[in-house]
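> One structure follows; several queries about it will come next.
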Number of protein chains: 2
Amino acid sequence: MNFEFQKLFGMGDALYDALLAQHPEIACRVYAPVGSFTDLLPYLVRRLLENGANTSFVHQIADPSVPIDALVADPVAALAEPYAPDPRIPLPRDLYPDRKNSLGLDLSDQPTLQDLRARTLADREGEPFAPVETTSPQELDFSIARAAEVFESWSRVPAAARAALLERAADALEERRLELVSLIVREGGRTYGDAVSEVREAADFCRYYALQAKINFAEPKELRGPAGERNELALHGRGVFACISPWNFPLSIFTGQVAAALAAGDTVVAKPAEQTPRIGLRAMEILYEAGIPADAACCAIGDGEAVGAPLVADPRIAGVAFTGSTETAKLINQSLAKRAGPIAPLIAETGGVNAMIVDSSALPEQVVDDVVVSAFQSAGQRCSGLRVLFVDAGSAPRVLDLLRGALAELKVGDPAEPDTDIGPVIDAPAHDALAHHIRKLRKSAKLIGAAHLAPGLRGHFIAPIAFELQLDELPKVEVFGPVLHVCIYRREELEKILDWIRVTGYGLTLGIHSRIQSFVDQVVRASRIGNIYVNRSMIGAVVGVQPFGGEGLSGTGPKAGGPHYLLRFATERTLTVNTAAVGGVTELLAGSGNERV
Amino acid sequence: MNFEFQKLFGMGDALYDALLAQHPEIACRVYAPVGSFTDLLPYLVRRLLENGANTSFVHQIADPSVPIDALVADPVAALAEPYAPDPRIPLPRDLYPDRKNSLGLDLSDQPTLQDLRARTLADREGEPFAPVETTSPQELDFSIARAAEVFESWSRVPAAARAALLERAADALEERRLELVSLIVREGGRTYGDAVSEVREAADFCRYYALQAKINFAEPKELRGPAGERNELALHGRGVFACISPWNFPLSIFTGQVAAALAAGDTVVAKPAEQTPRIGLRAMEILYEAGIPADAACCAIGDGEAVGAPLVADPRIAGVAFTGSTETAKLINQSLAKRAGPIAPLIAETGGVNAMIVDSSALPEQVVDDVVVSAFQSAGQRCSGLRVLFVDAGSAPRVLDLLRGALAELKVGDPAEPDTDIGPVIDAPAHDALAHHIRKLRKSAKLIGAAHLAPGLRGHFIAPIAFELQLDELPKVEVFGPVLHVCIYRREELEKILDWIRVTGYGLTLGIHSRIQSFVDQVVRASRIGNIYVNRSMIGAVVGVQPFGGEGLSGTGPKAGGPHYLLRFATERTLTVNTAAVGGVTELLAGSGNERV
């Protein structure tokens with residue numbers, strides 16, 4: 001007898017009594033979960049839900065209308081039927097009705113992960129990075145001149161054809177995703193998960209803006225008016241766009257800005273961050289390989305002083321798309337305002353002092369999962385990242401306890417190793433500023449917990465860390481790294497917290513964890529925040545699904561990956577034709593009157 | 001015998017021969033038009049079109065299938081049938097399917113016109129203008145503070161309710177249109193036609209932005225994404241908008257800016273032009289009477305230095321809508337860029353050096369009608385007004401001849417008199433600058449013709465005038481008055497002309513007169529102009545039908561009275577809710593999968 005029955009104490013007694021009466025030789029183990037109330041109650045609820053389901057064996061055995069044959073049918077036979085997915089549930093690739101979803105990589109699959117690791121390590125060994133030359137003033141001037149010259153012809157490429165090129169670019173990015181993941185891990189210091197998401201996001205941006213171009217730019221919109229007149233509104237490119245992108249999403253933000261400008265009919269001079277020029281250059285090559293004309297978009301390499309400043313000050317630049325710090329955005333805005341020529345649009349996505357508010361009804365396990373992802377993934381180097389966690393005093397002990405435990409589990413290290421959770425911060429200045437901030441907090445604030453930093457680890461590593469602070473001690477500027485500031489509040493202090501968030505002036509992301517809808521509504525209504533996330537992490541906005549961007553000090557809008565983004569890259573033209581100038585109104589003679597449009 | 005027949009020589013001979021054979025006592029006058037080829041050819045073509053129509057008696061008499069009874073049926077009997085308009089041709093009020101068209105006034109009706117005149121003259125006599133007090137710095141500060149304080153509550157008024165208030169405002173403006181027309185004529189120096197159009201445009205703006213608010217702001221847009229998540233994109237107001245409007249459309253632009261900001265959920269501090277404060281103040285009162293809360297919008301009275309500059313420099317101002325000169329727009333932009341706080345949107349509609357290109361195929365009579373309206377109506381004080389007329393050398397002699405004649409017919413004078421075509425320019429500085437410009441042109445350029453200025457006319461009058469200049473002598477900055485610069489070109493110089501227009505840097509309006517589609521297409525394709533008009537005048541853009549606004553030095557966009565205008569007054573917010581946080585994805589259990597959205 002190589003099996004036994006198992007039953008939960010107190011459940012299914014009638015069944016097991018009958019079975020064991022017939023087969024006293026079979027052992028039946030009776031088990032009972034042991035633990036505290038808070039552990040056991042959810043367990044029992046889950047079991048009740050399972051057993052209470054209509055399809056459950058336990059439910060059906062007590063139902064006289066279920067025939068015995070159905071009850072004892074062989075489940076293996078049922079499984080042997082050919083697999084037929086529910087046609088109402090689309091496959092991931094077909095999630096969106098109007099464009100392809102981006103291709104992922106299954107990082108829970110060990111062979112996939114080991115292949116990535118082998119490739120990345122081999123690349124690092126075999127292709128050490130050579131220095132990338134800064135674009136000289138003469139080269140920059142030439143690039144802008146060429147983009148300005150090509151603008152007219154690029155803007156006249158039909159929007160559908162521009163869209164088709166961007167769709168090819170999306171496919172090309174996906175085809176080269178292993179290579180790009182390796183490059184992002186090596187140059188950007190990002191983990192495999194982050195790098196795969198970036199390639200996906202870059203492809204999504206290309207396809208989403210291609211779709212928007214087809215919707216809004218392909219055909220002029222006819223506007224209804226009086227008979228005898230035809231009125232059309234059309235969108236056109238504005239000229240040369242300067243696209244200035246950051247190092248924290250070195251592929252996706254770079255590609256998104258460039259794709260948007262190209263989709264709208266603009267030409268582009270794109271400056272990748274000086275920390276990650278190779279990713280920008282490679283992305284541009286892939287766009288060229290997909291058929292984007294090399295005259296329509298090019299890279300300028302260098303830092304803000306050497307390349308960014310002269311780029312935005314150039315009167316041939318018709319607009320700027322910038323993602324980076326609030327301070328730099330303001331300098332760019334001032335530089336644009338000072339220039340001769342037209343007033344140029346600035347689309348700025350900047351920083352935030354992003355908060356999450358957790359009330360006492362939230363499930364601490366879910367909260368801490370989402371806090372760890374929001375605050376520490378990508379070493380906290382996401383604009384959307386969580387900086388200030390407000391926890392209700394009622395659940396704070398449990399939440400902070402779980403948080404301390406979760407921090408201790410994080411592995412900080414080489415992002416080329418698949419088991420690394422947190423890679424390095426971008427460079428020495430970033431490292432030193434964060435280390436300085438942490439040193440100060442260690443003196444002035446109460447440490448909640450921190451991840452372990454393996455001794456001998458070389459590079460710009462900052463171990464994720466969390467401190468408890470009072471409301472008036474919380475940082476009012478962005479701390480761009482894996483440092484979480486926690487503030488414990490009492491329910492009656494909620495308005496004070498909401499005020500504090502408003503007064504920072506930032507408005508990028510906000511997390512809410514609560515099971516009480518009126519609490520969620522109250523917080524949402526009181527907040528001036530671009531992206532609010534309820535009962536989940538507050539990072540990882542998906543193109544077209546979670547249009548992304550802040551307000552106040554956090555950015556100008558419109559939202560990247562949203563339906564209004566391309567409008568800001570475009571100019572509108574109205575064409576009015578007096579169709580009655582031929583001597584009469586043909587649509588009236590034809591009897592269609594004003595119904596024409 | 002108190003009648004005679006009349007026949008055109010050579011037409012209807014068979015009919016008249018038969019008639020006269022039976023009735024030799026009836027006289028038949030045979031007539032023949034006399035004139036030059038260019039006059040007679042169009043005349044004959046029109047007669048052929050008339051007589052060739054299926055419904056024409058001449059056509060039917062020769063058709064054996066038409067019974068005699070039908071042919072000789074009494075037309076008076078047919079007319080006696082009850083009037084039934086074609087249901088496919090909407091009445092003017094119902095021209096737009098989604099909003100009411102504005103109410104007009106029939107200025108071809110003499111009693112209407114005489115009533116207006118009597119009312120306006122009585123108002124002028126009975127209510128002479130008292131000085132309007134400038135808003136003090138303290139009052140301005142208080143206005144901004146109040147608008148900032150009220151913003152939260154106004155922005156939470158449901159968009160449908162905000163729209164309903166604006167629709168009531170439109171009705172209220174129309175109800176008070178006689179009063180407003182009188183005020184516009186008296187304070188703005190505009191003619192009755194212009195004033196009636198302004199009231200209509202103001203009402204149209206209110207209804208159009210109300211409609212846009214209902215479409216885009218009333219409900220968040222649900223975005224399709226994976227199961228287990230709800231994603232919504234919503235539009236919200238940004239805060240306090242400064243609305244700075246000009247004197248040339250003292251009612252409609254003022255009202256349009258304010259209505260747009262209110263529709264989007266912003267509160268408003270509005271500065272009417274210092275030349276026309278009474279119209280702005282009265283418009284604001286009418287908005288209040290319609291139910292707009294007095295806290296949500298108010299006027300600030302004064303010039304740019306005293307009120308405009310401190311208003312836009314105030315960090316509580318979340319955005320600026322400005323219509324006026326390019327220079328002032330740039331100063332506002334610099335002031336906004338220098339401020340602390342968020343980067344604020346500036347929506348600027350500025351000037352233009354607007355051209356019309358007439359090729360040799362255009363009909364000179366139509367051209368001159370449209371040139372006179374475009375260049376001289378409103379004393380040339382429209383942003384859209386024609387400044388530079390390019391005429392093909394082939395048709396130039398005829399066009400300029402007609403233009404000279406048309407100029408001589410224009411009556412310049414008191415706009416309160418219904419027969420006045422051209423009123424005064426706005427004030428002494430405008431008058432003196434124009435007079436100076438004209439004195440220079442009288443020395444350097446060839447006079448084509450000018451309107452007559454009645455001796456003894458008192459006020460800031462400039463007689464419409466036209467000069468012929470060479471391409472390189474044309475003005476490169478806006479001359480804001482009734483001065484037309486004409487340049488005669490040869491067909492092979494078209495590209496040079498298009499270049500000249502581009503090089504001005506402005507891009508507001510452009511007129512094209514041509515019967516050759518390829519010529520029209522070539523000019524449209526080569527132009528970077530916000531509003532292009534073909535074979536008609538280039539002024540009088542209608543809200544929602546001809547969204548209005550320029551590019552380059554002529555403005556930032558988005559277009560006023562267009563579908564994208566409100567977006568710039570708004571901020572976007574994304575709300576993401578993890579609906580699976582309850583423990584499962586209910587829509588999957590319910591079998592609806594991702595089809596949900």
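Scheme for the structure tokens: letters A, B, ... for chains in order shown; per-chain residue numbers from 1; ligand numbers from 1 in order shown.
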Could you list, as a list in words, the residues of chain A having an atom within 6 Å of chain B when counting only C-alpha atoms?
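Output check: Arg88, Ile89, Leu223, Gly225, Asn333, Gln334, Ala337, Pro342, Gly530, Asn531, Ile532, Tyr533, Val534, Asn535, Arg536, Val545, Gly552, Leu553, Arg573, Thr574, Leu575, Thr576, Val577, Asn578, Gly593 and Asn594 of chain A.
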> Would you mind exporting N, CA and C atoms of the selected residues as a JSON list (two decimals), in the first residue's frame?

```
[["chain", "number", "residue", "atom", "x", "y", "z"],
["A", 88, "ARG", "N", -12.56, 34.20, -25.76],
["A", 88, "ARG", "CA", -12.83, 35.55, -25.27],
["A", 88, "ARG", "C", -11.65, 36.13, -24.51],
["A", 89, "ILE", "N", -10.66, 35.26, -24.20],
["A", 89, "ILE", "CA", -9.48, 35.75, -23.49],
["A", 89, "ILE", "C", -8.34, 35.83, -24.50],
["A", 223, "LEU", "N", -14.69, 69.17, -41.01],
["A", 223, "LEU", "CA", -15.51, 69.82, -39.99],
["A", 223, "LEU", "C", -16.81, 70.30, -40.62],
["A", 225, "GLY", "N", -19.88, 72.43, -41.56],
["A", 225, "GLY", "CA", -20.17, 73.85, -41.64],
["A", 225, "GLY", "C", -21.26, 74.09, -42.65],
["A", 333, "ASN", "N", 13.53, 75.62, -20.30],
["A", 333, "ASN", "CA", 12.40, 76.51, -20.57],
["A", 333, "ASN", "C", 12.87, 77.96, -20.68],
["A", 334, "GLN", "N", 13.77, 78.34, -19.80],
["A", 334, "GLN", "CA", 14.29, 79.71, -19.86],
["A", 334, "GLN", "C", 15.11, 79.93, -21.12],
["A", 337, "ALA", "N", 12.78, 80.37, -23.97],
["A", 337, "ALA", "CA", 12.07, 81.65, -23.92],
["A", 337, "ALA", "C", 12.96, 82.79, -24.38],
["A", 342, "PRO", "N", 10.05, 81.69, -33.05],
["A", 342, "PRO", "CA", 8.77, 81.28, -32.48],
["A", 342, "PRO", "C", 8.90, 80.74, -31.05],
["A", 530, "GLY", "N", -0.34, 62.99, -11.32],
["A", 530, "GLY", "CA", -0.54, 62.48, -12.67],
["A", 530, "GLY", "C", -0.94, 61.02, -12.74],
["A", 531, "ASN", "N", -0.28, 60.17, -11.95],
["A", 531, "ASN", "CA", -0.59, 58.73, -11.99],
["A", 531, "ASN", "C", -0.84, 58.21, -10.59],
["A", 532, "ILE", "N", -2.04, 57.75, -10.36],
["A", 532, "ILE", "CA", -2.41, 57.20, -9.05],
["A", 532, "ILE", "C", -2.64, 55.70, -9.21],
["A", 533, "TYR", "N", -2.05, 54.95, -8.28],
["A", 533, "TYR", "CA", -2.15, 53.48, -8.31],
["A", 533, "TYR", "C", -2.81, 53.00, -7.03],
["A", 534, "VAL", "N", -3.84, 52.19, -7.16],
["A", 534, "VAL", "CA", -4.57, 51.70, -6.00],
["A", 534, "VAL", "C", -4.33, 50.20, -5.83],
["A", 535, "ASN", "N", -3.87, 49.83, -4.64],
["A", 535, "ASN", "CA", -3.66, 48.44, -4.26],
["A", 535, "ASN", "C", -2.71, 47.68, -5.20],
["A", 536, "ARG", "N", -1.68, 48.39, -5.64],
["A", 536, "ARG", "CA", -0.63, 47.75, -6.44],
["A", 536, "ARG", "C", 0.63, 48.61, -6.34],
["A", 545, "VAL", "N", -1.84, 52.11, -21.79],
["A", 545, "VAL", "CA", -2.72, 51.58, -20.75],
["A", 545, "VAL", "C", -2.69, 52.49, -19.53],
["A", 552, "GLY", "N", 2.29, 69.94, -11.93],
["A", 552, "GLY", "CA", 3.04, 70.77, -11.00],
["A", 552, "GLY", "C", 4.52, 70.72, -11.35],
["A", 553, "LEU", "N", 5.37, 70.53, -10.34],
["A", 553, "LEU", "CA", 6.80, 70.48, -10.57],
["A", 553, "LEU", "C", 7.23, 69.20, -11.29],
["A", 573, "ARG", "N", -3.47, 72.74, -38.89],
["A", 573, "ARG", "CA", -3.77, 73.64, -40.02],
["A", 573, "ARG", "C", -5.21, 73.43, -40.49],
["A", 574, "THR", "N", -5.87, 74.56, -40.69],
["A", 574, "THR", "CA", -7.23, 74.54, -41.20],
["A", 574, "THR", "C", -7.22, 74.95, -42.67],
["A", 575, "LEU", "N", -7.90, 74.20, -43.50],
["A", 575, "LEU", "CA", -8.02, 74.56, -44.91],
["A", 575, "LEU", "C", -9.50, 74.77, -45.22],
["A", 576, "THR", "N", -9.82, 75.95, -45.71],
["A", 576, "THR", "CA", -11.19, 76.30, -46.03],
["A", 576, "THR", "C", -11.30, 76.56, -47.52],
["A", 577, "VAL", "N", -12.15, 75.83, -48.19],
["A", 577, "VAL", "CA", -12.31, 76.00, -49.63],
["A", 577, "VAL", "C", -13.74, 76.42, -49.92],
["A", 578, "ASN", "N", -13.86, 77.53, -50.60],
["A", 578, "ASN", "CA", -15.17, 77.99, -51.06],
["A", 578, "ASN", "C", -15.56, 77.16, -52.27],
["A", 593, "GLY", "N", -27.73, 68.90, -49.21],
["A", 593, "GLY", "CA", -27.71, 69.97, -48.23],
["A", 593, "GLY", "C", -26.51, 69.89, -47.31],
["A", 594, "ASN", "N", -26.73, 70.20, -46.06],
["A", 594, "ASN", "CA", -25.65, 70.22, -45.09],
["A", 594, "ASN", "C", -25.36, 68.85, -44.49]]
```
> Would you mind listing what lies within 10 Å of Tyr489 of chain A as a list in words, with only C-alpha atoms counted and same-chain residues fewer than 6 positions away left out?
Ile357, Val358, Asp359, Phe390, Val391, Asp392, Ala393, Gly394, Ala396, Gln470, Leu471, Lys496 and Ile497 of chain A
> Using N, CA, C and O atoms, can you export the residues from the last selection as a tab-separated table (two decimals), in the first residue's frame?

```
chain	number	residue	atom	x	y	z
A	357	ILE	N	0.09	55.99	0.44
A	357	ILE	CA	-0.68	56.10	1.67
A	357	ILE	C	-1.35	54.76	1.94
A	357	ILE	O	-2.10	54.26	1.09
A	358	VAL	N	-1.05	54.20	3.11
A	358	VAL	CA	-1.56	52.87	3.47
A	358	VAL	C	-2.48	53.05	4.67
A	358	VAL	O	-2.06	53.57	5.69
A	359	ASP	N	-3.72	52.64	4.51
A	359	ASP	CA	-4.61	52.76	5.68
A	359	ASP	C	-4.64	51.44	6.45
A	359	ASP	O	-4.00	50.44	6.06
A	390	PHE	N	3.48	56.54	3.83
A	390	PHE	CA	2.65	56.88	4.98
A	390	PHE	C	1.88	55.64	5.41
A	390	PHE	O	1.10	55.09	4.63
A	391	VAL	N	2.11	55.19	6.66
A	391	VAL	CA	1.45	53.99	7.15
A	391	VAL	C	0.59	54.35	8.35
A	391	VAL	O	1.04	55.05	9.27
A	392	ASP	N	-0.63	53.85	8.34
A	392	ASP	CA	-1.53	54.07	9.48
A	392	ASP	C	-0.93	53.43	10.72
A	392	ASP	O	-0.41	52.30	10.68
A	393	ALA	N	-1.03	54.16	11.82
A	393	ALA	CA	-0.42	53.69	13.06
A	393	ALA	C	-0.93	52.30	13.45
A	393	ALA	O	-0.20	51.49	14.05
A	394	GLY	N	-2.19	52.02	13.07
A	394	GLY	CA	-2.78	50.75	13.45
A	394	GLY	C	-2.06	49.56	12.84
A	394	GLY	O	-1.89	48.52	13.49
A	396	ALA	N	1.03	49.86	11.34
A	396	ALA	CA	2.45	50.15	11.16
A	396	ALA	C	3.36	49.06	11.75
A	396	ALA	O	4.32	48.65	11.07
A	470	GLN	N	9.40	61.84	11.14
A	470	GLN	CA	8.19	62.61	11.41
A	470	GLN	C	7.82	63.41	10.16
A	470	GLN	O	8.66	63.65	9.29
A	471	LEU	N	6.55	63.83	10.09
A	471	LEU	CA	6.06	64.53	8.91
A	471	LEU	C	6.96	65.71	8.53
A	471	LEU	O	7.31	65.90	7.35
A	496	LYS	N	-3.68	66.37	6.85
A	496	LYS	CA	-2.34	66.97	6.98
A	496	LYS	C	-1.36	66.33	6.01
A	496	LYS	O	-0.51	67.00	5.40
A	497	ILE	N	-1.48	65.00	5.86
A	497	ILE	CA	-0.61	64.28	4.92
A	497	ILE	C	-0.88	64.73	3.49
A	497	ILE	O	0.04	64.99	2.71
```
> Go through segment 380-581 of chain B and collect every residue that DSSP, computed from the backbone, puts in strand (DSSP E); the answer should be as a ChimeraX atom specification.
/B:388-392,446-450,465-468,483-489,506-507,509-513,531-534,551-552,570-578
> Tell me, as a list in words, which residues lie within 7 Å of Glu187 of chain A, counting only C-alpha atoms; anything in the same chain fewer than 3 positions away does not count.
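With the cut-off at 7 Å, the set is Leu183, Ile184 and Thr276 of chain A.
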> For the residues selected in the previous step, produce a file with N, CA, C and O atoms as a PDB file, in the first residue's frame.

```
ATOM      1  N   LEU A 183      23.053  44.879 -23.464  1.00  0.00           N
ATOM      2  CA  LEU A 183      23.617  46.234 -23.479  1.00  0.00           C
ATOM      3  C   LEU A 183      23.067  47.084 -22.329  1.00  0.00           C
ATOM      4  O   LEU A 183      23.809  47.833 -21.665  1.00  0.00           O
ATOM      5  N   ILE A 184      21.783  46.956 -22.064  1.00  0.00           N
ATOM      6  CA  ILE A 184      21.166  47.736 -20.986  1.00  0.00           C
ATOM      7  C   ILE A 184      21.722  47.309 -19.631  1.00  0.00           C
ATOM      8  O   ILE A 184      22.005  48.144 -18.760  1.00  0.00           O
ATOM      9  N   THR A 276      24.729  56.908 -20.703  1.00  0.00           N
ATOM     10  CA  THR A 276      24.281  55.752 -21.491  1.00  0.00           C
ATOM     11  C   THR A 276      24.204  56.057 -22.984  1.00  0.00           C
ATOM     12  O   THR A 276      23.178  55.808 -23.629  1.00  0.00           O
TER      13      THR A 276
END
```
> Would you pick out the contacts of Asp419 of chain A at 12 Å or less, using only C-alpha atoms, so that residues sharing its chain but fewer than 2 positions from it are not included, and give the list as a ChimeraX atom specification?
/A:107-108,110,113-114,117,191-193,409-417,421-423
> Check the DSSP output for the backbone and give back, as a PyMOL selection string, the residues of segment 358-437 of chain B in helix (DSSP H, G or I).
chain B and resi 364-380+396-409+428-437
> Would you mind exporting the chosen residues as a PDB file, in the first residue's frame, restricted to C-alpha atoms?

```pdb
ATOM      1  CA  PRO B 364     -10.923  89.347 -60.838  1.00  0.00           C
ATOM      2  CA  GLU B 365     -14.359  90.410 -59.533  1.00  0.00           C
ATOM      3  CA  GLN B 366     -14.338  87.668 -56.882  1.00  0.00           C
ATOM      4  CA  VAL B 367     -10.724  88.422 -56.034  1.00  0.00           C
ATOM      5  CA  VAL B 368     -11.357  92.096 -55.437  1.00  0.00           C
ATOM      6  CA  ASP B 369     -14.482  91.473 -53.378  1.00  0.00           C
ATOM      7  CA  ASP B 370     -12.474  89.146 -51.126  1.00  0.00           C
ATOM      8  CA  VAL B 371      -9.416  91.425 -51.060  1.00  0.00           C
ATOM      9  CA  VAL B 372     -11.469  94.399 -49.911  1.00  0.00           C
ATOM     10  CA  VAL B 373     -13.129  92.396 -47.145  1.00  0.00           C
ATOM     11  CA  SER B 374      -9.851  90.742 -46.107  1.00  0.00           C
ATOM     12  CA  ALA B 375      -7.687  93.859 -46.102  1.00  0.00           C
ATOM     13  CA  PHE B 376     -10.026  96.648 -45.059  1.00  0.00           C
ATOM     14  CA  GLN B 377     -12.989  95.313 -43.076  1.00  0.00           C
ATOM     15  CA  SER B 378     -12.659  96.289 -39.399  1.00  0.00           C
ATOM     16  CA  ALA B 379     -10.213  98.962 -40.638  1.00  0.00           C
ATOM     17  CA  GLY B 380      -7.733  96.140 -41.245  1.00  0.00           C
ATOM     18  CA  ALA B 396      -2.841  92.434 -62.428  1.00  0.00           C
ATOM     19  CA  PRO B 397      -4.034  95.335 -64.611  1.00  0.00           C
ATOM     20  CA  ARG B 398      -7.663  94.242 -64.345  1.00  0.00           C
ATOM     21  CA  VAL B 399      -7.450  93.336 -60.630  1.00  0.00           C
ATOM     22  CA  LEU B 400      -5.754  96.594 -59.676  1.00  0.00           C
ATOM     23  CA  ASP B 401      -8.221  98.559 -61.740  1.00  0.00           C
ATOM     24  CA  LEU B 402     -11.161  96.948 -59.953  1.00  0.00           C
ATOM     25  CA  LEU B 403      -9.393  97.391 -56.621  1.00  0.00           C
ATOM     26  CA  ARG B 404      -8.913 101.093 -57.257  1.00  0.00           C
ATOM     27  CA  GLY B 405     -12.602 101.406 -58.040  1.00  0.00           C
ATOM     28  CA  ALA B 406     -13.636  99.402 -54.985  1.00  0.00           C
ATOM     29  CA  LEU B 407     -11.454 101.534 -52.710  1.00  0.00           C
ATOM     30  CA  ALA B 408     -13.088 104.686 -54.033  1.00  0.00           C
ATOM     31  CA  GLU B 409     -16.485 103.283 -53.044  1.00  0.00           C
ATOM     32  CA  ALA B 428      -4.037 107.771 -31.464  1.00  0.00           C
ATOM     33  CA  PRO B 429      -0.835 105.694 -31.276  1.00  0.00           C
ATOM     34  CA  ALA B 430      -2.278 103.202 -33.782  1.00  0.00           C
ATOM     35  CA  HIS B 431      -3.386 106.075 -36.012  1.00  0.00           C
ATOM     36  CA  ASP B 432      -0.026 107.811 -35.897  1.00  0.00           C
ATOM     37  CA  ALA B 433       1.964 104.664 -36.621  1.00  0.00           C
ATOM     38  CA  LEU B 434      -0.226 103.883 -39.619  1.00  0.00           C
ATOM     39  CA  ALA B 435      -0.119 107.452 -40.864  1.00  0.00           C
ATOM     40  CA  HIS B 436       3.666 107.362 -40.613  1.00  0.00           C
ATOM     41  CA  HIS B 437       3.815 104.070 -42.524  1.00  0.00           C
TER      42      HIS B 437
END
```
> Point out the residue among A:Leu8, A:Ala213, A:Ala218, A:Leu105 with the least atom-to-atom distance to Ala195 of chain A, counting only C-alpha atoms.
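So, comparing all the options, the nearest one is A:Leu105.
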> Tell me, in Å to one decimal, how far atom CA of Ala260 of chain A is from atom CA of Phe569 of chain A.
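The value is 7.6 Å.
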> Would you mind reading off the distance between atom CA of Pro464 of chain A and atom CA of His452 of chain A, one decimal, in Å?
8.2 Å
> Determine the nearest neighbour of Phe322 of chain B from the options B:Ile301, B:Gly280, B:Ala53, B:Phe241, counting only C-alpha atoms.
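Answer, going by the shortest atom-to-atom distance: B:Phe241.
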